$ cat structure-v1.txt   # compact mmCIF, C-alpha atoms and all ligand atoms
# COMPACT_ATOMS: atom_id res chain seq x y z
CA MET I 19 12.26 -8.55 3.99
CA SER I 20 10.40 -6.15 1.70
CA PRO I 21 8.49 -3.32 3.41
CA PHE I 22 5.51 -4.39 1.29
CA ALA I 23 5.40 -8.00 2.50
CA GLY I 24 1.92 -8.70 3.86
CA ARG I 25 0.80 -5.09 3.28
CA LYS I 26 -2.46 -4.15 1.58
CA CYS I 27 -1.87 -2.25 -1.65
CA LEU I 28 -4.41 -0.82 -4.06
CA VAL I 29 -3.28 -0.09 -7.62
CA THR I 30 -5.66 2.13 -9.59
CA GLY I 31 -5.27 1.62 -13.34
CA GLY I 32 -3.60 -1.69 -12.47
CA LEU I 33 -4.58 -3.38 -15.74
CA GLY I 34 -2.75 -0.68 -17.69
CA PHE I 35 0.90 -0.41 -18.65
CA ILE I 36 2.62 1.01 -15.58
CA GLY I 37 0.03 -0.24 -13.10
CA SER I 38 0.34 -3.86 -14.22
CA ASN I 39 4.14 -3.73 -13.98
CA LEU I 40 3.80 -2.28 -10.49
CA ALA I 41 1.31 -5.01 -9.56
CA HIS I 42 3.88 -7.63 -10.62
CA ALA I 43 6.56 -6.01 -8.44
CA LEU I 44 4.22 -5.74 -5.45
CA VAL I 45 3.16 -9.38 -5.73
CA GLN I 46 6.82 -10.33 -5.90
CA ALA I 47 7.43 -8.26 -2.76
CA GLY I 48 4.75 -10.27 -0.95
CA ALA I 49 2.04 -7.58 -0.87
CA SER I 50 -1.67 -8.24 -0.92
CA VAL I 51 -2.67 -6.49 -4.14
CA THR I 52 -6.03 -5.18 -5.29
CA ILE I 53 -6.37 -3.68 -8.75
CA VAL I 54 -9.11 -1.30 -9.71
CA ASP I 55 -9.56 -0.53 -13.38
CA ALA I 56 -12.44 0.51 -15.63
CA LEU I 57 -10.83 -0.84 -18.83
CA ILE I 58 -11.56 2.42 -20.57
CA ARG I 59 -11.60 2.06 -24.34
CA THR I 60 -8.44 3.46 -26.02
CA HIS I 61 -6.51 3.30 -22.70
CA GLY I 62 -3.90 0.63 -22.06
CA GLY I 63 -5.90 -1.64 -19.72
CA ASP I 64 -5.77 -5.31 -20.61
CA HIS I 65 -6.37 -8.47 -18.54
CA TYR I 66 -3.50 -10.09 -20.41
CA ASN I 67 -1.10 -7.67 -18.67
CA ILE I 68 -1.64 -9.53 -15.40
CA ALA I 69 -2.28 -13.01 -16.83
CA ASP I 70 0.70 -14.53 -15.00
CA ILE I 71 -0.28 -13.05 -11.60
CA ALA I 72 -4.06 -13.33 -12.04
CA GLU I 73 -4.33 -15.84 -9.18
CA ALA I 74 -2.32 -13.60 -6.84
CA VAL I 75 -4.26 -10.34 -7.21
CA HIS I 76 -7.81 -9.24 -6.67
CA VAL I 77 -9.27 -7.34 -9.64
CA ASN I 78 -12.18 -4.97 -9.27
CA LEU I 79 -13.61 -3.57 -12.48
CA SER I 80 -14.86 -0.19 -11.27
CA ASP I 81 -14.63 3.37 -12.43
CA LEU I 82 -12.97 5.94 -10.15
CA ARG I 83 -15.41 8.50 -11.45
CA ASP I 84 -17.98 6.66 -9.33
CA GLU I 85 -17.20 7.77 -5.78
CA ALA I 86 -19.49 5.31 -4.01
CA THR I 87 -17.51 2.21 -5.10
CA LEU I 88 -14.21 3.81 -4.21
CA ARG I 89 -14.95 4.28 -0.53
CA HIS I 90 -15.43 0.55 -0.14
CA LEU I 91 -12.30 -0.20 -2.18
CA VAL I 92 -9.86 1.98 -0.25
CA ARG I 93 -11.05 0.80 3.17
CA GLY I 94 -8.17 -0.93 4.97
CA GLN I 95 -5.61 -0.21 2.25
CA GLU I 96 -2.13 0.75 3.47
CA PHE I 97 -0.68 1.90 0.15
CA VAL I 98 -2.63 3.36 -2.73
CA PHE I 99 -0.78 3.73 -6.04
CA HIS I 100 -2.79 5.98 -8.32
CA LEU I 101 -2.12 5.19 -11.97
CA ALA I 102 -5.63 5.34 -13.38
CA GLY I 103 -5.74 8.18 -15.83
CA GLN I 104 -5.60 9.21 -19.41
CA VAL I 105 -2.12 9.46 -20.93
CA SER I 106 -2.71 10.71 -24.46
CA HIS I 107 -2.09 14.40 -24.99
CA GLY I 108 -3.76 14.32 -28.41
CA ASP I 109 -6.85 12.57 -27.06
CA SER I 110 -7.08 15.13 -24.27
CA MET I 111 -7.50 17.81 -26.94
CA ARG I 112 -10.02 15.76 -28.95
CA ASP I 113 -12.09 14.74 -25.91
CA PRO I 114 -11.29 17.15 -23.05
CA GLU I 115 -14.22 16.01 -20.96
CA LEU I 116 -13.01 12.41 -20.87
CA ASP I 117 -9.60 13.68 -19.77
CA LEU I 118 -11.20 15.82 -17.07
CA GLY I 119 -13.14 12.83 -15.79
CA THR I 120 -10.33 10.27 -15.84
CA ASN I 121 -7.63 12.56 -14.46
CA CYS I 122 -9.45 15.08 -12.23
CA VAL I 123 -12.82 13.68 -11.16
CA SER I 124 -11.19 10.29 -10.51
CA THR I 125 -8.50 11.91 -8.39
CA ILE I 126 -10.76 14.09 -6.27
CA ASN I 127 -12.91 11.01 -5.64
CA LEU I 128 -9.85 9.00 -4.64
CA VAL I 129 -8.41 11.53 -2.20
CA GLU I 130 -11.86 12.04 -0.68
CA ALA I 131 -12.32 8.29 -0.30
CA CYS I 132 -8.87 8.00 1.33
CA ARG I 133 -9.59 10.90 3.65
CA HIS I 134 -12.70 9.17 4.95
CA GLU I 135 -11.82 5.49 4.71
CA ALA I 136 -8.02 5.15 4.62
CA LYS I 137 -6.70 8.12 6.56
CA ASP I 138 -3.35 6.48 7.28
CA ALA I 139 -2.72 5.14 3.79
CA VAL I 140 0.21 6.38 1.72
CA LEU I 141 -0.93 7.63 -1.68
CA VAL I 142 1.52 7.77 -4.60
CA TYR I 143 0.41 9.61 -7.73
CA ALA I 144 1.84 9.19 -11.25
CA SER I 145 1.88 12.68 -12.70
CA THR I 146 3.70 13.86 -15.78
CA ARG I 147 6.43 16.23 -16.92
CA GLN I 148 3.79 17.60 -19.33
CA VAL I 149 2.72 19.96 -16.51
CA TYR I 150 5.83 22.07 -17.21
CA GLY I 151 4.87 22.78 -20.82
CA ILE I 152 7.74 24.01 -23.01
CA ALA I 153 10.99 23.97 -21.02
CA LYS I 154 12.56 27.38 -20.43
CA ARG I 155 15.79 25.75 -19.30
CA LEU I 156 17.25 22.23 -19.19
CA PRO I 157 17.37 20.12 -17.15
CA VAL I 158 13.96 20.95 -15.70
CA ASP I 159 13.78 20.87 -11.91
CA GLU I 160 10.67 21.08 -9.75
CA ASP I 161 10.97 24.87 -9.39
CA HIS I 162 10.48 25.35 -13.13
CA PRO I 163 7.20 27.16 -13.93
CA THR I 164 4.22 24.97 -14.76
CA VAL I 165 2.54 26.23 -17.93
CA PRO I 166 0.84 23.21 -19.53
CA ILE I 167 0.19 23.41 -23.25
CA ASP I 168 -2.55 20.82 -23.48
CA VAL I 169 -5.68 19.76 -21.62
CA ASN I 170 -3.95 16.69 -20.23
CA GLY I 171 -1.21 18.80 -18.63
CA ILE I 172 -3.79 21.07 -17.00
CA ASN I 173 -5.81 18.17 -15.60
CA LYS I 174 -2.73 16.34 -14.33
CA LEU I 175 -1.56 19.55 -12.62
CA ALA I 176 -4.96 19.95 -10.96
CA ALA I 177 -4.79 16.31 -9.86
CA GLU I 178 -1.37 16.99 -8.31
CA TYR I 179 -2.83 19.88 -6.35
CA TYR I 180 -5.63 17.69 -4.96
CA HIS I 181 -2.98 15.38 -3.52
CA LEU I 182 -1.02 18.29 -2.06
CA LEU I 183 -4.12 19.98 -0.68
CA TYR I 184 -5.29 16.82 1.07
CA HIS I 185 -1.82 16.38 2.50
CA ARG I 186 -1.79 19.92 3.84
CA THR I 187 -5.38 19.99 5.02
CA TYR I 188 -6.06 16.43 6.15
CA ASP I 189 -2.55 15.01 6.69
CA LEU I 190 -3.04 12.52 3.88
CA ARG I 191 0.37 11.01 3.17
CA SER I 192 0.51 11.69 -0.54
CA VAL I 193 3.47 11.89 -2.94
CA VAL I 194 3.40 13.22 -6.48
CA LEU I 195 5.95 11.87 -8.95
CA ARG I 196 6.36 13.53 -12.34
CA LEU I 197 7.14 10.83 -14.87
CA THR I 198 8.67 11.42 -18.28
CA ASN I 199 8.41 9.19 -21.39
CA THR I 200 7.97 5.68 -20.04
CA TYR I 201 8.45 2.52 -22.09
CA GLY I 202 8.67 -1.20 -21.48
CA PRO I 203 6.78 -4.50 -21.42
CA ARG I 204 2.95 -4.37 -21.35
CA GLN I 205 2.87 -0.88 -22.85
CA GLN I 206 -0.05 -0.28 -25.13
CA ILE I 207 1.73 0.06 -28.46
CA ARG I 208 -1.19 -0.49 -30.85
CA ASN I 209 -2.92 2.82 -30.16
CA THR I 210 -1.44 5.53 -32.35
CA ALA I 211 -2.59 8.29 -29.98
CA GLN I 212 -0.50 7.04 -27.05
CA GLY I 213 2.84 8.71 -27.74
CA PHE I 214 5.67 8.25 -30.16
CA ILE I 215 7.72 5.62 -28.31
CA GLY I 216 4.82 3.15 -28.47
CA ILE I 217 4.18 3.97 -32.12
CA PHE I 218 7.88 3.53 -32.96
CA LEU I 219 8.01 0.20 -31.13
CA TYR I 220 4.88 -1.17 -32.80
CA ARG I 221 5.86 -0.15 -36.32
CA ALA I 222 9.50 -1.23 -35.90
CA LEU I 223 8.40 -4.65 -34.65
CA LYS I 224 5.96 -4.99 -37.57
CA GLY I 225 8.57 -3.77 -40.10
CA LEU I 226 6.35 -0.82 -41.06
CA PRO I 227 7.74 2.56 -42.18
CA ILE I 228 7.90 5.30 -39.55
CA ASP I 229 7.19 9.00 -40.06
CA VAL I 230 9.17 11.19 -37.68
CA PHE I 231 7.74 14.64 -37.10
CA GLY I 232 10.28 17.43 -37.57
CA THR I 233 14.03 16.84 -37.68
CA GLY I 234 14.00 14.02 -35.15
CA GLU I 235 16.61 15.91 -33.12
CA GLN I 236 14.13 16.61 -30.28
CA ARG I 237 15.68 15.24 -27.07
CA ARG I 238 13.85 13.34 -24.34
CA ASP I 239 14.92 11.41 -21.25
CA PHE I 240 13.13 8.08 -21.44
CA HIS I 241 12.76 5.86 -18.42
CA HIS I 242 12.13 2.16 -18.36
CA VAL I 243 8.98 1.06 -16.55
CA ASP I 244 11.01 -1.00 -14.03
CA ASP I 245 12.74 2.21 -12.90
CA VAL I 246 9.37 3.96 -12.55
CA VAL I 247 7.97 1.06 -10.53
CA ALA I 248 11.02 1.08 -8.25
CA ALA I 249 10.63 4.84 -7.77
CA MET I 250 6.94 4.54 -6.86
CA MET I 251 7.67 1.85 -4.31
CA GLN I 252 10.56 3.80 -2.82
CA ALA I 253 8.50 7.00 -2.63
CA ALA I 254 5.77 5.10 -0.78
CA VAL I 255 8.06 4.07 2.06
CA THR I 256 10.08 7.29 2.34
CA GLN I 257 8.44 9.64 4.80
CA ALA I 258 10.50 12.60 3.55
CA CYS I 259 8.67 12.34 0.21
CA TYR I 260 5.18 12.81 1.65
CA GLY I 261 3.60 16.11 0.60
CA ARG I 262 6.22 16.62 -2.11
CA VAL I 263 6.24 16.87 -5.91
CA LEU I 264 9.29 15.12 -7.33
CA ASN I 265 10.67 14.54 -10.81
CA LEU I 266 11.75 11.21 -12.21
CA GLY I 267 13.94 10.93 -15.29
CA GLY I 268 16.14 8.74 -17.42
CA THR I 269 19.82 7.84 -17.42
CA LYS I 270 20.57 10.41 -20.14
CA PRO I 271 18.73 12.27 -22.90
CA TRP I 272 18.43 10.83 -26.41
CA SER I 273 17.09 12.29 -29.64
CA LEU I 274 14.25 10.62 -31.53
CA ASN I 275 16.76 9.81 -34.26
CA ASP I 276 18.90 8.02 -31.63
CA VAL I 277 15.87 5.97 -30.59
CA LEU I 278 15.24 4.95 -34.19
CA GLY I 279 18.93 4.03 -34.59
CA ILE I 280 18.72 1.74 -31.55
CA LEU I 281 15.50 0.15 -32.83
CA GLN I 282 17.15 -0.48 -36.21
CA GLN I 283 19.76 -2.61 -34.46
CA HIS I 284 16.93 -5.04 -33.65
CA CYS I 285 14.26 -4.55 -36.33
CA ARG I 286 14.20 -3.92 -40.07
CA PHE I 287 12.18 -0.83 -40.99
CA GLU I 288 12.54 2.46 -42.83
CA PHE I 289 11.93 5.94 -41.46
CA ARG I 290 11.63 9.42 -42.90
CA HIS I 291 11.26 12.93 -41.53
CA VAL I 292 7.99 14.73 -42.26
CA PRO I 293 6.65 18.14 -41.24
CA PHE I 294 4.74 18.21 -37.95
CA PRO I 295 0.95 17.92 -38.44
CA ALA I 296 -0.60 21.14 -37.10
CA ASP I 297 -2.54 19.37 -34.30
CA ARG I 298 0.68 17.75 -33.04
CA LYS I 299 2.91 20.79 -33.34
CA ILE I 300 0.66 22.86 -31.15
CA ILE I 301 1.02 20.46 -28.22
CA ASP I 302 4.64 19.45 -28.74
CA ILE I 303 6.95 20.44 -25.89
CA GLY I 304 10.19 20.10 -27.86
CA ASP I 305 13.29 19.13 -25.86
CA TYR I 306 12.80 17.87 -22.33
CA VAL I 307 15.32 16.61 -19.81
CA GLY I 308 14.24 16.19 -16.19
CA ASP I 309 16.37 16.87 -13.13
CA TRP I 310 15.61 14.02 -10.70
CA SER I 311 18.34 14.89 -8.18
CA ARG I 312 15.85 15.89 -5.46
CA PHE I 313 14.19 12.49 -5.52
CA HIS I 314 17.62 10.88 -5.55
CA GLU I 315 18.67 12.84 -2.46
CA LEU I 316 15.56 11.74 -0.58
CA THR I 317 15.49 8.08 -1.56
CA GLY I 318 18.78 7.10 -3.22
CA TRP I 319 16.78 6.16 -6.34
CA ARG I 320 18.38 6.51 -9.72
CA PRO I 321 17.31 5.13 -13.10
CA ARG I 322 19.22 1.91 -13.75
CA THR I 323 18.19 0.85 -17.24
CA THR I 324 19.89 2.52 -20.19
CA LEU I 325 17.80 3.07 -23.30
CA PRO I 326 19.68 0.50 -25.44
CA GLU I 327 19.31 -2.17 -22.71
CA GLY I 328 15.69 -1.27 -22.03
CA LEU I 329 14.64 -1.26 -25.67
CA ALA I 330 16.36 -4.62 -26.29
CA GLN I 331 14.48 -6.13 -23.32
CA THR I 332 11.19 -4.52 -24.40
CA ILE I 333 11.53 -5.80 -27.97
CA ALA I 334 12.25 -9.30 -26.67
CA PHE I 335 9.09 -9.12 -24.50
CA PHE I 336 6.86 -8.02 -27.37
CA ARG I 337 8.31 -10.66 -29.69
CA GLN I 338 7.60 -13.30 -27.09
CA HIS I 339 4.00 -12.05 -26.71
CA ALA I 340 3.51 -11.00 -30.34
CA GLU I 341 0.24 -12.88 -30.76
CA HIS I 342 -1.34 -10.64 -28.18
CA TYR I 343 0.32 -7.23 -28.45
CA LEU I 344 1.17 -7.12 -32.16
CA ARG I 345 -2.16 -8.29 -33.56
N1 LIG L 1 3.12 6.09 -20.01
C1 LIG L 1 3.80 7.23 -19.83
O1 LIG L 1 4.76 7.52 -20.58
C2 LIG L 1 3.43 8.18 -18.74
C3 LIG L 1 4.18 9.36 -18.59
C4 LIG L 1 3.80 10.26 -17.59
C5 LIG L 1 2.74 9.99 -16.75
N2 LIG L 1 2.03 8.83 -16.92
C6 LIG L 1 0.88 8.61 -16.04
O2 LIG L 1 0.90 7.30 -15.51
C7 LIG L 1 -0.44 6.80 -15.40
C8 LIG L 1 -0.52 5.42 -16.03
O3 LIG L 1 -0.13 5.51 -17.39
P1 LIG L 1 -0.09 4.22 -18.32
O4 LIG L 1 0.88 4.51 -19.41
O5 LIG L 1 0.05 2.99 -17.51
O6 LIG L 1 -1.56 4.29 -18.97
P2 LIG L 1 -2.54 3.10 -19.40
O7 LIG L 1 -3.55 3.70 -20.30
O8 LIG L 1 -1.76 1.93 -19.89
O9 LIG L 1 -3.21 2.71 -18.00
C9 LIG L 1 -4.15 3.52 -17.38
C10 LIG L 1 -5.23 2.62 -16.85
O10 LIG L 1 -6.13 3.42 -16.07
C11 LIG L 1 -7.43 2.95 -16.31
N3 LIG L 1 -8.35 4.04 -15.98
C12 LIG L 1 -8.36 5.29 -16.52
N4 LIG L 1 -9.34 6.03 -15.95
C13 LIG L 1 -9.94 5.23 -15.03
C14 LIG L 1 -11.01 5.42 -14.12
N5 LIG L 1 -11.70 6.55 -14.08
N6 LIG L 1 -11.36 4.39 -13.31
C15 LIG L 1 -10.69 3.22 -13.35
N7 LIG L 1 -9.68 2.98 -14.22
C16 LIG L 1 -9.30 3.98 -15.04
C17 LIG L 1 -7.45 2.56 -17.78
O11 LIG L 1 -8.51 1.66 -18.07
C18 LIG L 1 -6.06 1.94 -17.93
O12 LIG L 1 -6.09 0.56 -17.70
C19 LIG L 1 -1.36 7.84 -16.06
O13 LIG L 1 -2.02 8.57 -15.08
C20 LIG L 1 -0.41 8.73 -16.84
O14 LIG L 1 -0.84 10.06 -16.90
C21 LIG L 1 2.35 7.93 -17.89
$ encode --input "structure-v1.txt" --output "structure tokens"
Amino acid sequence: MSPFAGRKCLVTGGLGFIGSNLAHALVQAGASVTIVDALIRTHGGDHYNIADIAEAVHVNLSDLRDEATLRHLVRGQEFVFHLAGQVSHGDSMRDPELDLGTNCVSTINLVEACRHEAKDAVLVYASTRQVYGIAKRLPVDEDHPTVPIDVNGINKLAAEYYHLLYHRTYDLRSVVLRLTNTYGPRQQIRNTAQGFIGIFLYRALKGLPIDVFGTGEQRRDFHHVDDVVAAMMQAAVTQACYGRVLNLGGTKPWSLNDVLGILQQHCRFEFRHVPFPADRKIIDIGDYVGDWSRFHELTGWRPRTTLPEGLAQTIAFFRQHAEHYLR
């Protein structure tokens, strides 16, 4: 029987990409799931993401920046998965205050609410490898210096520290996972500020030409959303993870050109290499490969989905739901 069967789980940002996939997995595991989401414009929240489990979850449209609502929402929750936040690095530079609110203010409100109303809950936070900034060595382990190069990285790092502080000071059972480039079904692919994998997927599926910044030889370790969801659920039930910051990662690194090559096996589109726009170059981290061995040692987790398999499955999903996601 799943450790989540009959357990009360709150998913912040649960109408978004990763949160909605997690909500599906928790419902399947028999959990009692509440979603809180503010459907912030430009973010990936969408009621359609949970259309097939709408009857099985409770949705609360509230903003985590409003502390008063949160206290009531966390009361009685046993697991809190914190995915509400702003993902876009570019948008964090264009609107730093929104990023501060959605990533930091939301998080301090959440840990405070848990401290008062859900002291025994386990809190799992989706952070990002962006906190490391430009890698000094590869693969990057958790001891690598954290020198963020954009506003988003700074706010996510601060949000990590709130979780760690509340663990140390108030015994809150929090875990911070540092995600890398995530892709998969229900990802917001229409918004051109949300990262290159979404842009590539959208344009490839529409048969539109793709501009690749730089040589395209930059390497990243992508992970499929199902692997991220499995990691979050495993972290939640592994006591040894509480109070820790742990990397996730993919099965192996791939260049952007490799990604385009895989997409071309499924979709007809052209691509060309163009110089980096100045506003992108300044926040580009270059090559990144994460070392997730620590998390593996604690939980046995490893990424299962290879990029070719994951992209094929993702493309099939978006083709099946084209009327909604490819409008
Ligand atoms: N997608 C990735 O590649 C990736 C990589 C690293 C880390 N992450 C982290 O994972 C989390 C989820 O990312 P995602 O890709 O699912 O993003 P998403 O934009 O699809 O989902 C985020 C959701 O959070 C909601 N939200 C934001 N601020 C809120 C607030 N104050 N109150 C209530 N709801 C709020 C949005 O409306 C949206 O539905 C983010 O915190 C992000 O930093 C994502």
$ atom_distance --input "structure-v1.txt" --atom1 "atom CA of Met19 of chain I" --atom2 "atom CA of Val246 of chain I"
20.9 Å
$ residues_around --input "structure-v1.txt" --residues "segment 137-149 of chain I" --least-positions-apart "4" --cutoff "9 Å" --atoms "all atoms listed in the file" --output "VMD selection string"
chain I and resid 92 94 to 103 105 107 129 131 to 133 158 163 to 168 170 to 175 177 to 178 181 188 to 199 250 to 251 253 to 255 260 265 to 266 303 306 308
$ axis_aligned_box --input "structure-v1.txt" --around "ligand LIG 1 (chain L)" --padding-each-side "8 Å" --output "JSON"
{"center_x": -3.5, "center_y": 5.4, "center_z": -16.9, "size_x": 32.5, "size_y": 25.7, "size_z": 23.3}
$ atom_distance --input "structure-v1.txt" --atom1 "atom CA of Asp117 of chain I" --atom2 "atom N4 of ligand LIG 1 (chain L)"
8.6 Å
$ atom_distance --input "structure-v1.txt" --atom1 "atom CA of Phe313 of chain I" --atom2 "atom CA of Thr269 of chain I"
14.0 Å
$ closest_residue --input "structure-v1.txt" --among "I:Gly37, I:Pro295, I:Gly32, I:Gly62" --to "Gln205 of chain I" --atoms "all atoms listed in the file"
I:Gly62
$ closest_residue --input "structure-v1.txt" --among "I:Thr200, I:Gln282, I:Thr187, I:Thr332" --to "ligand LIG 1 (chain L)" --atoms "all atoms listed in the file"
I:Thr200
$ residues_around --input "structure-v1.txt" --residues "Ile126 of chain I" --least-positions-apart "3" --cutoff "10 Å" --atoms "only C-alpha atoms" --output "PDB file with C-alpha atoms, keeping the file's coordinate frame"
ATOM      1  CA  LEU I  82     -12.970   5.940 -10.150  1.00  0.00           C
ATOM      2  CA  ARG I  83     -15.410   8.500 -11.450  1.00  0.00           C
ATOM      3  CA  GLU I  85     -17.200   7.770  -5.780  1.00  0.00           C
ATOM      4  CA  GLY I 119     -13.140  12.830 -15.790  1.00  0.00           C
ATOM      5  CA  ASN I 121      -7.630  12.560 -14.460  1.00  0.00           C
ATOM      6  CA  CYS I 122      -9.450  15.080 -12.230  1.00  0.00           C
ATOM      7  CA  VAL I 123     -12.820  13.680 -11.160  1.00  0.00           C
ATOM      8  CA  VAL I 129      -8.410  11.530  -2.200  1.00  0.00           C
ATOM      9  CA  GLU I 130     -11.860  12.040  -0.680  1.00  0.00           C
ATOM     10  CA  ALA I 131     -12.320   8.290  -0.300  1.00  0.00           C
ATOM     11  CA  CYS I 132      -8.870   8.000   1.330  1.00  0.00           C
ATOM     12  CA  ALA I 176      -4.960  19.950 -10.960  1.00  0.00           C
ATOM     13  CA  ALA I 177      -4.790  16.310  -9.860  1.00  0.00           C
ATOM     14  CA  TYR I 179      -2.830  19.880  -6.350  1.00  0.00           C
ATOM     15  CA  TYR I 180      -5.630  17.690  -4.960  1.00  0.00           C
ATOM     16  CA  HIS I 181      -2.980  15.380  -3.520  1.00  0.00           C
ATOM     17  CA  TYR I 184      -5.290  16.820   1.070  1.00  0.00           C
TER      18      TYR I 184
END
$ closest_residue --input "structure-v1.txt" --among "I:Thr323, I:Thr317, I:Asn275, I:Thr233" --to "Phe294 of chain I" --atoms "all atoms listed in the file"
I:Thr233
$ closest_residue --input "structure-v1.txt" --among "I:His76, I:Pro321, I:Ile71, I:Glu288" --to "Ala249 of chain I" --atoms "only C-alpha atoms"
I:Pro321
$ closest_residue --input "structure-v1.txt" --among "I:Pro21, I:Leu28, I:Ser80, I:Asp70" --to "ligand LIG 1 (chain L)" --atoms "all atoms listed in the file"
I:Ser80
$ residues_around --input "structure-v1.txt" --residues "Gly63 of chain I" --least-positions-apart "2" --cutoff "12 Å" --atoms "only C-alpha atoms" --output "JSON, numbers by chain"
{"I": [30, 31, 32, 33, 34, 35, 36, 37, 38, 39, 53, 54, 55, 56, 57, 58, 59, 60, 61, 65, 66, 67, 68, 79, 101, 102, 103, 104, 105, 204, 205, 206, 207, 209]}
$ closest_residue --input "structure-v1.txt" --among "I:His242, I:Lys270, I:His162, I:Arg286" --to "ligand LIG 1 (chain L)" --atoms "all atoms listed in the file"
I:His242
$ build_atoms --input "structure-v1.txt" --residues "segment 247-263 of chain I" --atoms "N, CA and C atoms" --output "mmCIF file, in the coordinates of the input"
data_model
loop_
_atom_site.group_PDB
_atom_site.id
_atom_site.type_symbol
_atom_site.label_atom_id
_atom_site.label_comp_id
_atom_site.auth_asym_id
_atom_site.auth_seq_id
_atom_site.Cartn_x
_atom_site.Cartn_y
_atom_site.Cartn_z
ATOM 1 N N VAL I 247 8.573 1.893 -11.573
ATOM 2 C CA VAL I 247 7.970 1.060 -10.530
ATOM 3 C C VAL I 247 8.822 1.118 -9.253
ATOM 4 N N ALA I 248 10.129 1.015 -9.421
ATOM 5 C CA ALA I 248 11.020 1.080 -8.250
ATOM 6 C C ALA I 248 10.877 2.431 -7.563
ATOM 7 N N ALA I 249 10.756 3.498 -8.349
ATOM 8 C CA ALA I 249 10.630 4.840 -7.770
ATOM 9 C C ALA I 249 9.316 4.958 -6.993
ATOM 10 N N MET I 250 8.241 4.427 -7.544
ATOM 11 C CA MET I 250 6.940 4.540 -6.860
ATOM 12 C C MET I 250 6.968 3.791 -5.535
ATOM 13 N N MET I 251 7.610 2.642 -5.540
ATOM 14 C CA MET I 251 7.670 1.850 -4.310
ATOM 15 C C MET I 251 8.577 2.529 -3.278
ATOM 16 N N GLN I 252 9.660 3.109 -3.751
ATOM 17 C CA GLN I 252 10.560 3.800 -2.820
ATOM 18 C C GLN I 252 9.904 5.055 -2.234
ATOM 19 N N ALA I 253 9.189 5.786 -3.099
ATOM 20 C CA ALA I 253 8.500 7.000 -2.630
ATOM 21 C C ALA I 253 7.488 6.639 -1.544
ATOM 22 N N ALA I 254 6.831 5.507 -1.723
ATOM 23 C CA ALA I 254 5.770 5.100 -0.780
ATOM 24 C C ALA I 254 6.309 4.868 0.628
ATOM 25 N N VAL I 255 7.539 4.415 0.724
ATOM 26 C CA VAL I 255 8.060 4.070 2.060
ATOM 27 C C VAL I 255 9.081 5.096 2.566
ATOM 28 N N THR I 256 9.148 6.247 1.902
ATOM 29 C CA THR I 256 10.080 7.290 2.340
ATOM 30 C C THR I 256 9.280 8.484 2.855
ATOM 31 N N GLN I 257 9.258 8.607 4.160
ATOM 32 C CA GLN I 257 8.440 9.640 4.800
ATOM 33 C C GLN I 257 8.775 11.041 4.278
ATOM 34 N N ALA I 258 10.057 11.267 3.992
ATOM 35 C CA ALA I 258 10.500 12.600 3.550
ATOM 36 C C ALA I 258 9.865 12.996 2.214
ATOM 37 N N CYS I 259 9.293 12.028 1.516
ATOM 38 C CA CYS I 259 8.670 12.340 0.210
ATOM 39 C C CYS I 259 7.219 12.810 0.374
ATOM 40 N N TYR I 260 6.609 12.524 1.516
ATOM 41 C CA TYR I 260 5.180 12.810 1.650
ATOM 42 C C TYR I 260 4.941 14.325 1.548
ATOM 43 N N GLY I 261 3.923 14.692 0.780
ATOM 44 C CA GLY I 261 3.600 16.110 0.600
ATOM 45 C C GLY I 261 4.479 16.797 -0.423
ATOM 46 N N ARG I 262 5.285 16.015 -1.160
ATOM 47 C CA ARG I 262 6.220 16.620 -2.110
ATOM 48 C C ARG I 262 5.840 16.278 -3.556
ATOM 49 N N VAL I 263 6.320 17.137 -4.471
ATOM 50 C CA VAL I 263 6.240 16.870 -5.910
ATOM 51 C C VAL I 263 7.656 16.631 -6.387
#
